>>> print(open('structure31.cif').read())   # mmCIF, C-alpha atoms and all ligand atoms
data_input
#
loop_
_atom_site.group_PDB
_atom_site.id
_atom_site.type_symbol
_atom_site.label_atom_id
_atom_site.label_comp_id
_atom_site.auth_asym_id
_atom_site.auth_seq_id
_atom_site.Cartn_x
_atom_site.Cartn_y
_atom_site.Cartn_z
ATOM 1 C CA MET A 29 12.483 43.315 -29.665
ATOM 2 C CA ASN A 30 14.469 41.257 -27.230
ATOM 3 C CA ALA A 31 13.691 38.881 -24.410
ATOM 4 C CA LEU A 32 12.899 41.792 -22.112
ATOM 5 C CA THR A 33 10.433 43.489 -24.460
ATOM 6 C CA ALA A 34 8.871 40.469 -26.164
ATOM 7 C CA PRO A 35 5.267 39.860 -25.205
ATOM 8 C CA ALA A 36 4.871 37.261 -22.555
ATOM 9 C CA ALA A 37 3.518 33.897 -23.541
ATOM 10 C CA PRO A 38 -0.191 33.632 -22.841
ATOM 11 C CA LEU A 39 -1.005 32.148 -19.525
ATOM 12 C CA VAL A 40 -2.541 28.714 -19.668
ATOM 13 C CA ALA A 41 -5.239 28.031 -17.168
ATOM 14 C CA LEU A 42 -4.417 24.911 -15.253
ATOM 15 C CA LYS A 43 -7.184 22.588 -14.304
ATOM 16 C CA PRO A 44 -7.282 21.997 -10.587
ATOM 17 C CA ALA A 45 -6.130 18.569 -9.629
ATOM 18 C CA THR A 46 -8.957 16.210 -8.877
ATOM 19 C CA PRO A 47 -8.184 14.130 -5.845
ATOM 20 C CA ARG A 48 -8.572 10.447 -6.477
ATOM 21 C CA ALA A 49 -10.170 8.180 -3.973
ATOM 22 C CA MET A 50 -7.867 5.926 -2.025
ATOM 23 C CA THR A 51 -8.099 2.204 -2.757
ATOM 24 C CA ARG A 52 -5.963 1.032 0.126
ATOM 25 C CA CYS A 53 -4.958 2.052 3.601
ATOM 26 C CA GLU A 54 -1.536 3.564 3.126
ATOM 27 C CA CYS A 55 -0.575 3.151 6.782
ATOM 28 C CA SER A 56 -1.303 -0.565 7.034
ATOM 29 C CA GLY A 57 -0.926 -1.426 3.351
ATOM 30 C CA THR A 58 -4.367 -3.011 3.352
ATOM 31 C CA PRO A 59 -6.220 -2.946 0.042
ATOM 32 C CA PHE A 60 -9.855 -2.013 0.470
ATOM 33 C CA GLU A 61 -10.684 -5.193 -1.461
ATOM 34 C CA ARG A 62 -9.366 -7.150 1.528
ATOM 35 C CA VAL A 63 -11.684 -5.303 3.894
ATOM 36 C CA ALA A 64 -14.574 -5.747 1.459
ATOM 37 C CA ALA A 65 -13.926 -9.498 1.322
ATOM 38 C CA LEU A 66 -13.983 -9.736 5.094
ATOM 39 C CA VAL A 67 -17.236 -7.792 5.238
ATOM 40 C CA GLY A 68 -18.927 -9.396 2.251
ATOM 41 C CA GLN A 69 -17.682 -12.962 2.416
ATOM 42 C CA ALA A 70 -16.675 -13.503 6.038
ATOM 43 C CA GLY A 71 -19.588 -11.502 7.412
ATOM 44 C CA LEU A 72 -17.517 -9.229 9.618
ATOM 45 C CA SER A 73 -18.659 -5.737 10.429
ATOM 46 C CA GLU A 74 -16.635 -2.885 9.012
ATOM 47 C CA ALA A 75 -15.148 -2.269 12.456
ATOM 48 C CA GLU A 76 -14.204 -5.927 12.861
ATOM 49 C CA ALA A 77 -12.624 -6.026 9.412
ATOM 50 C CA ARG A 78 -10.681 -2.833 10.118
ATOM 51 C CA GLN A 79 -9.508 -4.199 13.452
ATOM 52 C CA ARG A 80 -8.383 -7.438 11.854
ATOM 53 C CA THR A 81 -6.469 -5.759 9.021
ATOM 54 C CA GLY A 82 -5.285 -2.587 10.729
ATOM 55 C CA CYS A 83 -6.995 -0.541 8.041
ATOM 56 C CA GLY A 84 -7.844 2.881 9.438
ATOM 57 C CA SER A 85 -6.059 2.313 12.734
ATOM 58 C CA THR A 86 -3.243 4.828 12.351
ATOM 59 C CA CYS A 87 -4.104 8.189 10.779
ATOM 60 C CA GLY A 88 -7.685 7.407 9.772
ATOM 61 C CA ALA A 89 -7.430 9.274 6.469
ATOM 62 C CA CYS A 90 -8.578 6.212 4.542
ATOM 63 C CA ILE A 91 -11.801 5.658 6.459
ATOM 64 C CA PRO A 92 -14.072 7.944 4.375
ATOM 65 C CA ASP A 93 -12.852 6.394 1.128
ATOM 66 C CA LEU A 94 -13.102 2.897 2.611
ATOM 67 C CA ARG A 95 -16.708 3.553 3.567
ATOM 68 C CA ALA A 96 -17.472 4.875 0.080
ATOM 69 C CA PHE A 97 -15.745 1.804 -1.380
ATOM 70 C CA LEU A 98 -17.888 -0.530 0.728
ATOM 71 C CA ALA A 99 -21.069 1.432 0.027
ATOM 72 C CA ALA A 100 -20.446 1.277 -3.729
ATOM 73 C CA ARG A 101 -20.415 -2.507 -3.375
ATOM 74 C CA GLY A 102 -23.556 -2.631 -1.247
ATOM 75 C CA LEU A 103 -21.552 -3.567 1.846
ATOM 76 C CA ARG A 104 -22.782 -0.846 4.167
HETATM 77 S S1 LIG A 201 -4.246 5.628 5.515
HETATM 78 FE FE1 LIG A 201 -5.369 4.209 6.646
HETATM 79 S S2 LIG A 201 -4.857 4.626 8.702
HETATM 80 FE FE2 LIG A 201 -3.634 5.975 7.556
#
>>> encode(input="structure31.cif", output="structure tokens")
Amino acid sequence: MNALTAPAAPLVALKPATPRAMTRCECSGTPFERVAALVGQAGLSEAEARQRTGCGSTCGACIPDLRAFLAARGLR
């Protein structure tokens, strides 16, 4: 038996990667905690807080996770 005739190693099933929720806007560098503070403590609307920080103003990919982040803290 040589390398060409040896049985192949069993295949290992890989778990699919689980995407993790964003915790900051990557485009503006704004942590969602900053937006949450503006909404929860300063009383701004989500839109006002996003406008003030730039969160969500470029690609928008962070907006769903931002909204989930705020909702989990009772801020929506
Ligand atoms: S990640 Fe927030 S606008 Fe792009």
>>> residues_near_ligand(input="structure31.cif", ligand="ligand LIG 201 (chain A)", cutoff="10 Å", atoms="only C-alpha atoms and all ligand atoms", output="number ranges by chain")
A: 50-60, 78, 82-94
>>> closest_residue(input="structure31.cif", among="A:Ala75, A:Ala49, A:Ala100, A:Leu39", to="Val63 of chain A", atoms="only C-alpha atoms")
A:Ala75
>>> resolve_selection(input="structure31.cif", expression="the PyMOL selection byres (((chain A and resi 74) around 9) and not hetatm)", output="list in words")
Val63, Ala64, Leu66, Val67, Leu72, Ser73, Ala75, Glu76, Ala77, Arg78, Gln79, Arg95, Leu98, Leu103 and Arg104 of chain A
>>> atom_distance(input="structure31.cif", atom1="atom CA of Ala96 of chain A", atom2="atom CA of Leu42 of chain A")
28.4 Å
>>> closest_residue(input="structure31.cif", among="A:Thr81, A:Phe97, A:Gly102, A:Thr33", to="Gly68 of chain A", atoms="all atoms listed in the file")
A:Gly102
>>> atom_distance(input="structure31.cif", atom1="atom CA of Ala99 of chain A", atom2="atom CA of Ala65 of chain A")
13.1 Å
>>> decode(input="structure31.cif", residues="segment 35-84 of chain A", atoms="C-alpha atoms", output="CSV table (one decimal), in the first residue's frame")
chain,number,residue,atom,x,y,z
A,35,PRO,CA,-7.7,4.6,1.9
A,36,ALA,CA,-8.6,8.2,2.1
A,37,ALA,CA,-9.0,9.8,5.4
A,38,PRO,CA,-12.7,10.0,6.4
A,39,LEU,CA,-14.3,13.2,5.6
A,40,VAL,CA,-15.2,15.3,8.5
A,41,ALA,CA,-18.4,17.2,8.3
A,42,LEU,CA,-17.9,20.8,8.8
A,43,LYS,CA,-20.4,22.8,10.7
A,44,PRO,CA,-21.7,25.7,8.8
A,45,ALA,CA,-20.4,29.0,10.1
A,46,THR,CA,-23.0,30.9,12.1
A,47,PRO,CA,-22.9,34.5,11.3
A,48,ARG,CA,-22.6,36.7,14.4
A,49,ALA,CA,-24.5,39.8,14.8
A,50,MET,CA,-22.7,43.1,14.3
A,51,THR,CA,-22.2,45.2,17.4
A,52,ARG,CA,-21.0,48.3,15.6
A,53,CYS,CA,-21.3,50.1,12.3
A,54,GLU,CA,-18.2,49.1,10.4
A,55,CYS,CA,-18.5,52.0,8.0
A,56,SER,CA,-18.7,54.8,10.6
A,57,GLY,CA,-17.0,52.9,13.4
A,58,THR,CA,-20.0,53.6,15.7
A,59,PRO,CA,-20.6,51.1,18.4
A,60,PHE,CA,-24.3,50.2,18.7
A,61,GLU,CA,-23.9,51.1,22.4
A,62,ARG,CA,-23.4,54.7,21.4
A,63,VAL,CA,-26.6,54.7,19.4
A,64,ALA,CA,-28.4,53.0,22.2
A,65,ALA,CA,-27.2,55.7,24.7
A,66,LEU,CA,-28.5,58.4,22.4
A,67,VAL,CA,-31.9,56.7,22.1
A,68,GLY,CA,-32.2,55.6,25.7
A,69,GLN,CA,-30.6,58.4,27.6
A,70,ALA,CA,-30.8,61.4,25.2
A,71,GLY,CA,-34.3,60.5,24.0
A,72,LEU,CA,-33.4,60.6,20.3
A,73,SER,CA,-35.2,58.5,17.8
A,74,GLU,CA,-33.3,55.8,16.1
A,75,ALA,CA,-33.1,57.9,12.9
A,76,GLU,CA,-31.9,60.9,14.8
A,77,ALA,CA,-29.2,58.8,16.6
A,78,ARG,CA,-28.1,57.3,13.3
A,79,GLN,CA,-27.9,60.7,11.7
A,80,ARG,CA,-25.9,62.1,14.5
A,81,THR,CA,-23.4,59.2,14.6
A,82,GLY,CA,-23.3,58.2,10.9
A,83,CYS,CA,-24.3,54.7,11.8
A,84,GLY,CA,-26.1,53.1,8.9
